[in-house]
$ cat structure_21.txt   # compact mmCIF, C-alpha atoms
# COMPACT_ATOMS: atom_id res chain seq x y z
CA MET A 207 89.83 183.19 139.37
CA ILE A 208 92.76 185.39 138.35
CA PHE A 209 94.70 182.27 137.40
CA GLN A 210 91.85 181.01 135.23
CA ARG A 211 91.52 184.32 133.39
CA ALA A 212 95.25 184.43 132.72
CA LEU A 213 95.22 180.82 131.55
CA LEU A 214 92.25 181.42 129.24
CA ARG A 215 94.01 184.43 127.72
CA GLU A 216 97.09 182.29 127.09
CA PHE A 217 94.96 179.52 125.58
CA ALA A 218 93.15 181.98 123.32
CA GLY A 219 96.30 183.78 122.17
CA LEU A 220 98.10 180.57 121.33
CA ALA A 221 94.99 179.11 119.67
CA GLY A 222 94.74 182.10 117.35
CA ALA A 223 98.32 181.72 116.21
CA VAL A 224 98.04 177.93 115.79
CA PHE A 225 94.76 178.16 113.89
CA MET A 226 96.03 180.81 111.48
CA THR A 227 99.11 178.69 110.78
CA LEU A 228 97.15 175.48 110.17
CA PHE A 229 94.49 177.30 108.15
CA ALA A 230 97.10 179.01 105.97
CA ILE A 231 98.85 175.70 105.28
CA ALA A 232 95.61 173.90 104.40
CA VAL A 233 94.23 176.71 102.23
CA THR A 234 97.52 177.28 100.42
CA THR A 235 97.87 173.59 99.62
CA ARG A 236 94.32 173.45 98.29
CA LEU A 237 94.75 176.70 96.35
CA ILE A 238 97.79 175.33 94.52
CA ARG A 239 95.82 172.25 93.51
CA LEU A 240 92.81 174.29 92.35
CA LEU A 241 94.99 176.65 90.34
CA GLY A 242 96.58 173.67 88.61
CA GLN A 243 93.14 172.27 87.74
CA ALA A 244 91.96 175.67 86.48
CA ALA A 245 95.10 176.04 84.36
CA GLY A 246 94.34 172.62 82.88
CA GLY A 247 90.87 173.79 81.83
CA LYS A 248 88.87 171.59 84.24
CA PHE A 249 86.91 174.63 85.42
CA PRO A 250 87.08 178.41 84.85
CA SER A 251 89.52 180.48 86.85
CA ASP A 252 86.75 182.58 88.39
CA ALA A 253 85.51 179.47 90.25
CA VAL A 254 88.76 178.91 92.16
CA PHE A 255 87.90 181.04 95.19
CA ALA A 256 84.38 179.64 95.41
CA PHE A 257 85.71 176.08 95.58
CA LEU A 258 88.37 177.26 98.04
CA GLY A 259 85.65 178.64 100.31
CA PHE A 260 83.68 175.39 100.22
CA PHE A 261 86.86 173.47 101.06
CA ALA A 262 87.60 175.78 104.01
CA LEU A 263 84.16 175.19 105.51
CA GLY A 264 84.64 171.44 105.19
CA ALA A 265 88.10 171.52 106.77
CA LEU A 266 87.24 173.77 109.73
CA PRO A 267 86.07 170.99 112.14
CA VAL A 268 89.36 169.09 111.90
CA LEU A 269 91.44 172.29 112.01
CA LEU A 270 89.65 173.58 115.12
CA SER A 271 89.99 170.22 116.85
CA LEU A 272 93.73 170.10 116.16
CA THR A 273 94.07 173.76 117.22
CA MET A 274 92.55 173.09 120.65
CA PHE A 275 94.74 170.05 121.20
CA ILE A 276 97.96 171.87 120.28
CA SER A 277 97.06 175.02 122.25
CA VAL A 278 96.38 173.21 125.52
CA LEU A 279 99.37 170.94 125.03
CA LEU A 280 101.84 173.77 124.39
CA THR A 281 100.48 175.95 127.19
CA MET A 282 100.76 173.23 129.80
CA THR A 283 104.14 172.09 128.44
CA ARG A 284 105.41 175.62 129.04
CA SER A 285 104.07 175.46 132.61
CA TRP A 286 105.98 172.25 133.24
CA ARG A 287 109.14 173.59 131.63
CA ASP A 288 109.04 176.85 133.64
CA SER A 289 108.42 174.96 136.91
CA GLU A 290 105.01 176.58 137.37
CA MET A 291 103.49 173.13 137.84
CA VAL A 292 105.80 172.50 140.80
CA ILE A 293 104.35 175.55 142.56
CA TRP A 294 100.86 174.43 141.56
CA PHE A 295 101.26 171.01 143.19
CA ALA A 296 103.15 172.35 146.22
CA SER A 297 100.14 174.57 146.97
CA GLY A 298 97.98 171.47 147.26
CA GLN A 299 96.27 171.63 143.84
CA PRO A 300 95.92 168.31 141.97
CA LEU A 301 96.41 167.78 138.24
CA THR A 302 92.65 167.35 137.83
CA ALA A 303 92.17 170.99 138.88
CA TRP A 304 93.28 171.90 135.35
CA LEU A 305 90.12 170.33 133.99
CA LYS A 306 87.93 173.35 134.77
CA PRO A 307 89.93 176.05 132.93
CA VAL A 308 90.61 173.68 130.04
CA MET A 309 86.90 172.88 129.71
CA LEU A 310 85.97 176.58 129.92
CA PHE A 311 88.25 177.11 126.94
CA ALA A 312 87.27 173.99 124.99
CA LEU A 313 83.52 173.48 125.41
CA PRO A 314 82.39 176.52 123.33
CA GLN A 315 84.73 175.44 120.56
CA ILE A 316 83.53 171.84 120.73
CA ALA A 317 79.98 173.13 120.25
CA VAL A 318 81.14 175.05 117.17
CA ILE A 319 82.96 171.95 115.88
CA ALA A 320 79.79 169.87 116.33
CA ALA A 321 77.71 172.43 114.42
CA LEU A 322 80.27 172.59 111.63
CA SER A 323 80.62 168.82 111.37
CA LEU A 324 76.93 167.96 111.55
CA PHE A 325 75.40 170.83 109.57
CA ILE A 326 77.76 173.36 107.95
CA SER A 327 80.24 170.98 106.26
CA PRO A 328 77.48 168.90 104.55
CA TRP A 329 75.86 172.15 103.40
CA ALA A 330 79.19 173.31 101.96
CA ALA A 331 79.58 170.00 100.10
CA GLN A 332 76.06 170.40 98.68
CA MET A 333 76.75 173.99 97.61
CA ALA A 334 79.97 172.87 95.93
CA GLY A 335 77.98 170.30 93.95
CA GLN A 336 75.42 172.90 92.89
CA TYR A 337 78.16 175.29 91.83
CA THR A 338 79.82 172.54 89.79
CA SER A 339 76.49 171.87 88.07
CA LYS A 340 76.14 175.56 87.17
CA ILE A 341 79.64 175.60 85.70
CA GLU A 342 78.80 172.57 83.55
CA GLN A 343 75.80 174.44 82.09
CA ARG A 344 77.94 177.28 80.77
CA ASP A 345 78.22 177.51 77.00
CA ASP A 346 81.49 176.84 75.21
CA VAL A 347 82.41 180.52 74.73
CA SER A 348 82.01 181.39 78.41
CA ARG A 349 84.35 178.50 79.26
CA VAL A 350 87.15 179.78 77.02
CA THR A 351 90.43 180.47 78.81
CA PRO A 352 93.01 182.43 76.78
CA GLY A 353 96.16 180.47 76.09
CA VAL A 354 94.65 177.11 77.15
CA PHE A 355 93.29 174.30 74.97
CA GLY A 356 89.65 173.59 75.77
CA GLU A 357 86.94 171.14 74.77
CA THR A 358 83.33 171.83 73.85
CA ALA A 359 80.47 170.43 75.88
CA ASN A 360 79.70 167.66 73.33
CA ARG A 361 83.41 166.74 73.11
CA THR A 362 83.47 167.08 69.30
CA ARG A 363 85.69 170.17 69.15
CA VAL A 364 88.96 171.26 70.69
CA PHE A 365 89.66 174.99 70.59
CA PHE A 366 92.39 177.43 71.43
CA VAL A 367 92.25 181.23 71.49
CA GLU A 368 95.03 183.69 72.10
CA SER A 369 92.91 186.41 73.72
CA VAL A 370 89.29 187.09 74.72
CA SER A 371 87.49 190.40 75.16
CA GLY A 372 86.22 191.40 78.57
CA ASP A 373 82.62 190.33 77.86
CA SER A 374 83.76 187.07 76.14
CA SER A 375 81.97 188.11 72.93
CA ALA A 376 85.09 188.48 70.75
CA VAL A 377 88.22 186.35 70.41
CA GLN A 378 91.51 186.75 68.58
CA ASN A 379 93.69 184.18 66.77
CA VAL A 380 91.43 181.13 66.99
CA PHE A 381 92.30 177.47 66.42
CA VAL A 382 89.47 174.87 66.25
CA SER A 383 89.86 171.12 65.68
CA SER A 384 86.66 169.17 65.06
CA GLN A 385 85.77 165.53 64.44
CA HIS A 386 82.81 164.37 62.30
CA GLY A 387 82.74 160.62 61.93
CA THR A 388 85.96 159.50 60.25
CA LYS A 389 86.81 162.98 59.02
CA SER A 390 88.54 165.68 60.99
CA GLY A 391 88.75 169.39 60.36
CA VAL A 392 91.01 172.18 61.50
CA SER A 393 89.98 175.82 61.32
CA MET A 394 92.14 178.85 61.96
CA SER A 395 91.11 182.49 61.89
CA ARG A 396 92.37 185.87 62.97
CA SER A 397 89.27 186.87 64.92
CA GLY A 398 85.78 185.80 65.88
CA HIS A 399 82.65 186.91 67.70
CA THR A 400 79.31 185.54 68.90
CA GLU A 401 75.89 186.04 67.29
CA THR A 402 72.36 185.08 68.33
CA ALA A 403 69.91 183.76 65.74
CA PRO A 404 66.20 184.73 65.74
CA ASN A 405 65.30 181.30 67.19
CA GLY A 406 67.64 181.86 70.16
CA ASP A 407 70.52 179.68 69.00
CA ARG A 408 73.96 181.15 69.56
CA PHE A 409 76.82 180.89 67.09
CA ILE A 410 80.49 181.72 67.14
CA VAL A 411 81.50 183.34 63.87
CA LEU A 412 85.11 183.06 62.69
CA GLU A 413 86.43 185.68 60.30
CA GLN A 414 89.27 185.71 57.77
CA GLY A 415 90.49 182.18 58.19
CA ARG A 416 91.23 178.84 56.59
CA ARG A 417 89.81 175.35 57.12
CA TYR A 418 91.38 171.95 56.41
CA GLU A 419 89.15 168.85 56.12
CA GLY A 420 89.99 165.22 55.51
CA ALA A 421 90.44 161.74 56.95
CA PRO A 422 93.61 160.86 58.91
CA GLY A 423 96.07 159.07 56.62
CA ASP A 424 94.34 160.29 53.46
CA PRO A 425 96.60 162.60 51.41
CA GLU A 426 93.57 164.32 49.84
CA TYR A 427 92.62 167.18 52.12
CA ARG A 428 90.21 169.93 51.21
CA VAL A 429 91.45 173.42 51.96
CA THR A 430 88.89 176.21 52.21
CA GLU A 431 89.53 179.87 52.78
CA PHE A 432 86.64 181.83 54.25
CA ASP A 433 85.73 185.33 55.25
CA ARG A 434 83.03 184.09 57.60
CA TYR A 435 82.47 180.65 59.20
CA ALA A 436 79.73 180.02 61.78
CA ALA A 437 79.58 177.17 64.31
CA ARG A 438 76.67 176.58 66.70
CA ILE A 439 77.44 176.93 70.40
CA GLU A 440 76.31 173.82 72.25
CA LEU A 441 74.63 174.16 75.62
CA LYS A 442 75.26 171.34 78.06
CA GLU A 443 72.47 170.32 80.39
CA GLY A 444 73.48 170.29 84.03
CA ARG A 445 73.43 166.94 85.75
CA GLY A 446 72.20 168.47 88.96
CA VAL A 447 73.57 167.62 92.37
CA THR A 448 73.97 163.89 92.85
CA PRO A 449 73.11 163.02 96.47
CA THR A 450 76.05 161.33 98.16
CA HIS A 451 76.84 160.49 101.75
CA LYS A 452 79.19 163.50 101.79
CA ASN A 453 76.61 166.17 100.91
CA LEU A 454 73.49 164.68 102.53
CA PRO A 455 72.22 166.50 105.64
CA THR A 456 72.75 164.67 108.91
CA LEU A 457 69.02 164.10 109.38
CA ALA A 458 68.89 162.47 105.94
CA LEU A 459 71.71 160.12 106.95
CA ILE A 460 69.75 159.10 110.04
CA SER A 461 66.48 158.59 108.13
CA ASN A 462 68.22 156.48 105.44
CA PRO A 463 70.65 154.27 107.41
CA THR A 464 72.58 152.59 104.59
CA ASN A 465 76.11 151.40 105.25
CA GLN A 466 77.63 154.38 103.43
CA ASN A 467 75.41 156.83 105.27
CA LEU A 468 76.14 155.25 108.65
CA GLY A 469 79.87 155.43 107.94
CA GLU A 470 79.58 159.14 107.18
CA LEU A 471 77.43 159.66 110.28
CA LEU A 472 80.09 157.94 112.38
CA TRP A 473 82.70 160.38 111.07
CA ARG A 474 80.56 163.47 111.68
CA ILE A 475 79.79 162.39 115.24
CA GLY A 476 83.36 161.31 115.85
CA ILE A 477 84.96 164.71 115.13
CA PRO A 478 83.46 166.62 118.11
CA ILE A 479 83.85 163.58 120.39
CA SER A 480 87.50 163.22 119.42
CA ALA A 481 88.02 166.96 119.98
CA PHE A 482 86.71 166.56 123.54
CA VAL A 483 88.91 163.52 124.26
CA LEU A 484 92.03 165.07 122.69
CA VAL A 485 91.83 168.28 124.70
CA LEU A 486 91.66 166.18 127.89
CA LEU A 487 94.56 164.02 126.72
CA ALA A 488 96.66 167.16 126.31
CA ILE A 489 96.70 167.62 130.11
CA PRO A 490 98.65 164.47 131.07
CA MET A 491 100.60 164.49 127.79
CA SER A 492 102.04 167.91 128.59
CA PHE A 493 104.33 166.46 131.26
CA VAL A 494 107.96 167.25 130.48
CA ASN A 495 110.70 164.91 131.70
CA PRO A 496 114.01 166.84 131.66
CA ARG A 497 115.94 163.62 131.15
CA ALA A 498 113.90 162.67 128.07
CA GLY A 499 114.18 166.05 126.38
CA ARG A 500 111.64 168.78 125.80
CA SER A 501 110.23 167.41 122.56
CA ALA A 502 109.54 163.83 123.68
CA ASN A 503 106.00 164.60 124.88
CA LEU A 504 105.24 166.56 121.70
CA LEU A 505 106.27 163.63 119.53
CA PHE A 506 104.13 161.28 121.60
CA ALA A 507 101.16 163.67 121.35
CA LEU A 508 101.57 163.93 117.58
CA LEU A 509 101.72 160.14 117.27
CA THR A 510 98.60 159.81 119.44
CA TYR A 511 96.68 162.26 117.26
CA ILE A 512 97.69 160.45 114.06
CA VAL A 513 96.72 157.05 115.48
CA TYR A 514 93.40 158.40 116.79
CA SER A 515 92.52 159.99 113.44
CA ASN A 516 93.48 156.88 111.48
CA LEU A 517 91.46 154.62 113.78
CA LEU A 518 88.42 156.82 113.22
CA SER A 519 88.94 156.53 109.45
CA VAL A 520 89.27 152.75 109.73
CA SER A 521 86.07 152.53 111.78
CA GLN A 522 84.25 154.69 109.24
CA ALA A 523 85.45 152.49 106.37
CA ARG A 524 84.47 149.25 108.13
CA VAL A 525 80.99 150.55 108.93
CA ALA A 526 80.58 151.82 105.34
CA GLN A 527 81.60 148.38 104.05
CA GLY A 528 79.17 146.62 106.40
CA ARG A 529 82.00 144.86 108.25
CA MET A 530 81.28 146.55 111.57
CA ASP A 531 78.02 147.44 113.27
CA PHE A 532 77.40 151.16 113.71
CA GLY A 533 76.33 150.60 117.32
CA VAL A 534 79.86 149.36 118.05
CA GLY A 535 81.88 151.49 115.65
CA TRP A 536 80.76 154.93 116.86
CA TRP A 537 82.11 154.46 120.42
CA LEU A 538 84.82 151.76 120.21
CA VAL A 539 87.76 153.99 119.23
CA HIS A 540 86.74 156.76 121.62
CA ALA A 541 86.42 154.27 124.49
CA GLY A 542 89.97 153.06 123.83
CA MET A 543 91.28 156.64 123.94
CA VAL A 544 89.34 157.33 127.16
CA VAL A 545 91.02 154.28 128.72
CA LEU A 546 94.38 155.72 127.66
CA LEU A 547 93.33 159.06 129.18
CA VAL A 548 92.49 157.48 132.55
CA ILE A 549 95.76 155.51 132.60
CA MET A 550 97.84 158.59 131.80
CA PHE A 551 96.08 160.69 134.44
CA ALA A 552 96.67 157.95 137.03
CA GLN A 553 100.36 157.66 136.12
CA ARG A 554 100.94 161.41 136.21
CA MET A 555 99.17 161.84 139.56
CA GLN A 556 101.13 158.95 141.07
CA LEU A 557 104.39 160.46 139.81
CA ILE A 558 103.44 163.83 141.28
CA ARG A 559 102.69 162.27 144.68
CA LEU A 560 106.08 160.57 144.68
CA ARG A 561 107.88 163.81 143.78
CA ILE A 562 106.29 165.98 146.45
CA GLY A 563 106.37 163.23 149.06
CA ARG A 564 102.64 162.73 149.50
$ encode --input "structure_21.txt" --output "structure tokens"
Amino acid sequence: MIFQRALLREFAGLAGAVFMTLFAIAVTTRLIRLLGQAAGGKFPSDAVFAFLGFFALGALPVLLSLTMFISVLLTMTRSWRDSEMVIWFASGQPLTAWLKPVMLFALPQIAVIAALSLFISPWAAQMAGQYTSKIEQRDDVSRVTPGVFGETANRTRVFFVESVSGDSSAVQNVFVSSQHGTKSGVSMSRSGHTETAPNGDRFIVLEQGRRYEGAPGDPEYRVTEFDRYAARIELKEGRGVTPTHKNLPTLALISNPTNQNLGELLWRIGIPISAFVLVLLAIPMSFVNPRAGRSANLLFALLTYIVYSNLLSVSQARVAQGRMDFGVGWWLVHAGMVVLLVIMFAQRMQLIRLRIGR
């Protein structure tokens, strides 16, 4: 009992460090990509952290699965390296006795992974779609980013502003390029603000500026100086959330068993199953052979995880394409890894019997 409590504390401490490292890497990578998209004007900068949160919820099942695998693997590798396993076997305890403390550590997390994969991640994908739809419904002024070229909702104008007031009602140093049929126009002004007409239409009013109008290639351009120039702000209707196999609830995937939905269902079911198999594989994989070096087992474990993950992706793709039956695809890869698990346990236990002379 004392040994199990100490082992669980070691598992938990190492899992916390591993998870924070993996989570920081994944979130930082995604944040850099989102910031680049926001700087390019694909969505407003205030939406970056919302999209980052939705991504984090979607990535948690895989991150937790990998965290458990690495934590158990590193803990047991340390036990082999420090000769604690020799004492363990000399006292008459088999390798399978590690299954109980490992399962006490892993089963609650596997339940969390299953809940995240089957329910929370699809919900996060649906919320991300709804948030994207709300962003698309914003008017052109609310989508202005200072120092970045932007495009209006109807794609007829390109605009640039140097600065925007805190409530987005006033802008400074405005450049607007518009296209009307074969003619194009360019407007420049020192300042501008928004106004609302009695019928509810909103306008952006440019002040103290100049406008150039004409057809490309035509030397005759009309130049107009104005004290006030008003342009109607277009409102874009949201497209709503398009149901896809990524954002559909798990029950909806089951009730509508198309190939795409079955492929997604295979992936959602496969994540908690693979987490269970991987944490068991970490027990025999932790064996350290001094002659082979300390990192040989870690490299083999990493290769096993990559192969396992890729095989799951291949099975998902084949089921989604209708090239494999779901009844076969959902268990085939896991069965292969279970066979590998049994073989590795048998080899390790035989090696242990030879070493201790039993």
$ residues_around --input "structure_21.txt" --residues "A:Thr388" --least-positions-apart "5" --cutoff "10 Å" --atoms "only C-alpha atoms" --output "number ranges by chain"
A: 420-422
$ atom_distance --input "structure_21.txt" --atom1 "atom CA of A:Ala312" --atom2 "atom CA of A:Gly542"
21.1 Å
$ atom_distance --input "structure_21.txt" --atom1 "atom CA of A:Arg559" --atom2 "atom CA of A:Pro300"
9.5 Å
$ residues_near_point --input "structure_21.txt" --point "(84.3, 160.9, 114.0)" --cutoff "10 Å" --atoms "all atoms listed in the file" --output "list in words"
Val268, Ser323, Gly469, Glu470, Leu471, Leu472, Trp473, Arg474, Ile475, Gly476, Ile477, Pro478, Ile479, Ser480, Ala481, Tyr514, Ser515, Leu517, Leu518, Ser519, Ser521, Gln522, Gly535, Trp536, Trp537, Val539 and His540 of chain A
$ residues_near_point --input "structure_21.txt" --point "(89.7, 170.6, 66.4)" --cutoff "7 Å" --atoms "all atoms listed in the file" --output "short mmCIF file (atom, residue, chain, number, x, y, z; two decimals) with C-alpha atoms, in the frame of the given file"
data_model
loop_
_atom_site.label_atom_id
_atom_site.label_comp_id
_atom_site.auth_asym_id
_atom_site.auth_seq_id
_atom_site.Cartn_x
_atom_site.Cartn_y
_atom_site.Cartn_z
CA ARG A 363 85.69 170.17 69.15
CA VAL A 364 88.96 171.26 70.69
CA PHE A 365 89.66 174.99 70.59
CA VAL A 382 89.47 174.87 66.25
CA SER A 383 89.86 171.12 65.68
CA SER A 384 86.66 169.17 65.06
CA GLN A 385 85.77 165.53 64.44
CA GLY A 391 88.75 169.39 60.36
CA VAL A 392 91.01 172.18 61.50
#
$ residues_around --input "structure_21.txt" --residues "stretch 309-311 of chain A" --least-positions-apart "4" --cutoff "9 Å" --atoms "only C-alpha atoms" --output "ChimeraX atom specification"
/A:214,217-218,274,304-305,315,482,485-486
$ write_last_selection --input "structure_21.txt" --atoms "C-alpha atoms" --output "PDB file, keeping the file's coordinate frame"
ATOM      1  CA  LEU A 214      92.250 181.420 129.240  1.00  0.00           C
ATOM      2  CA  PHE A 217      94.960 179.520 125.580  1.00  0.00           C
ATOM      3  CA  ALA A 218      93.150 181.980 123.320  1.00  0.00           C
ATOM      4  CA  MET A 274      92.550 173.090 120.650  1.00  0.00           C
ATOM      5  CA  TRP A 304      93.280 171.900 135.350  1.00  0.00           C
ATOM      6  CA  LEU A 305      90.120 170.330 133.990  1.00  0.00           C
ATOM      7  CA  GLN A 315      84.730 175.440 120.560  1.00  0.00           C
ATOM      8  CA  PHE A 482      86.710 166.560 123.540  1.00  0.00           C
ATOM      9  CA  VAL A 485      91.830 168.280 124.700  1.00  0.00           C
ATOM     10  CA  LEU A 486      91.660 166.180 127.890  1.00  0.00           C
TER      11      LEU A 486
END
$ decode --input "structure_21.txt" --residues "stretch 270-296 of chain A" --atoms "N, CA and C atoms" --output "CSV table (one decimal), in the first residue's frame"
chain,number,residue,atom,x,y,z
A,270,LEU,N,-3.6,14.4,-23.2
A,270,LEU,CA,-3.7,13.6,-21.9
A,270,LEU,C,-3.3,12.2,-22.2
A,271,SER,N,-3.7,11.6,-23.3
A,271,SER,CA,-3.3,10.3,-23.7
A,271,SER,C,-1.7,10.1,-23.7
A,272,LEU,N,-1.1,11.1,-24.4
A,272,LEU,CA,0.3,11.1,-24.5
A,272,LEU,C,1.0,11.3,-23.2
A,273,THR,N,0.4,12.2,-22.3
A,273,THR,CA,0.9,12.4,-21.0
A,273,THR,C,1.0,11.2,-20.2
A,274,MET,N,-0.1,10.4,-20.2
A,274,MET,CA,-0.1,9.2,-19.4
A,274,MET,C,0.9,8.2,-19.9
A,275,PHE,N,1.1,8.0,-21.2
A,275,PHE,CA,2.0,7.1,-21.7
A,275,PHE,C,3.5,7.5,-21.3
A,276,ILE,N,3.8,8.8,-21.5
A,276,ILE,CA,5.1,9.2,-21.1
A,276,ILE,C,5.4,9.1,-19.6
A,277,SER,N,4.4,9.5,-18.8
A,277,SER,CA,4.6,9.5,-17.4
A,277,SER,C,4.9,8.1,-16.8
A,278,VAL,N,4.1,7.1,-17.3
A,278,VAL,CA,4.3,5.7,-16.8
A,278,VAL,C,5.6,5.2,-17.4
A,279,LEU,N,5.9,5.5,-18.6
A,279,LEU,CA,7.2,5.0,-19.2
A,279,LEU,C,8.4,5.6,-18.5
A,280,LEU,N,8.4,6.9,-18.3
A,280,LEU,CA,9.6,7.5,-17.6
A,280,LEU,C,9.7,7.0,-16.2
A,281,THR,N,8.6,6.8,-15.5
A,281,THR,CA,8.7,6.4,-14.1
A,281,THR,C,9.3,5.0,-14.0
A,282,MET,N,8.8,4.1,-14.8
A,282,MET,CA,9.2,2.7,-14.7
A,282,MET,C,10.7,2.6,-15.3
A,283,THR,N,11.0,3.4,-16.3
A,283,THR,CA,12.4,3.4,-16.8
A,283,THR,C,13.4,3.8,-15.7
A,284,ARG,N,13.0,4.8,-14.9
A,284,ARG,CA,13.8,5.2,-13.8
A,284,ARG,C,14.0,4.0,-12.8
A,285,SER,N,12.9,3.2,-12.6
A,285,SER,CA,13.0,2.1,-11.6
A,285,SER,C,13.9,1.0,-12.2
A,286,TRP,N,13.9,0.8,-13.5
A,286,TRP,CA,14.9,-0.1,-14.1
A,286,TRP,C,16.3,0.4,-13.9
A,287,ARG,N,16.5,1.7,-14.2
A,287,ARG,CA,17.8,2.2,-14.2
A,287,ARG,C,18.4,2.3,-12.8
A,288,ASP,N,17.6,2.5,-11.8
A,288,ASP,CA,18.1,2.6,-10.4
A,288,ASP,C,18.1,1.2,-9.7
A,289,SER,N,17.8,0.2,-10.5
A,289,SER,CA,17.8,-1.2,-10.0
A,289,SER,C,16.7,-1.5,-9.0
A,290,GLU,N,15.7,-0.7,-8.9
A,290,GLU,CA,14.6,-0.9,-8.1
A,290,GLU,C,13.8,-2.1,-8.5
A,291,MET,N,13.8,-2.4,-9.8
A,291,MET,CA,13.0,-3.5,-10.4
A,291,MET,C,13.7,-4.8,-10.0
A,292,VAL,N,15.0,-4.8,-9.8
A,292,VAL,CA,15.7,-6.0,-9.4
A,292,VAL,C,15.2,-6.5,-8.0
A,293,ILE,N,15.1,-5.5,-7.1
A,293,ILE,CA,14.6,-5.8,-5.8
A,293,ILE,C,13.2,-6.2,-5.8
A,294,TRP,N,12.4,-5.6,-6.7
A,294,TRP,CA,11.0,-5.9,-6.9
A,294,TRP,C,10.8,-7.4,-7.3
A,295,PHE,N,11.6,-7.9,-8.3
A,295,PHE,CA,11.5,-9.3,-8.7
A,295,PHE,C,12.1,-10.2,-7.7
A,296,ALA,N,13.2,-9.8,-7.0
A,296,ALA,CA,13.8,-10.7,-6.0
A,296,ALA,C,12.9,-11.0,-4.9
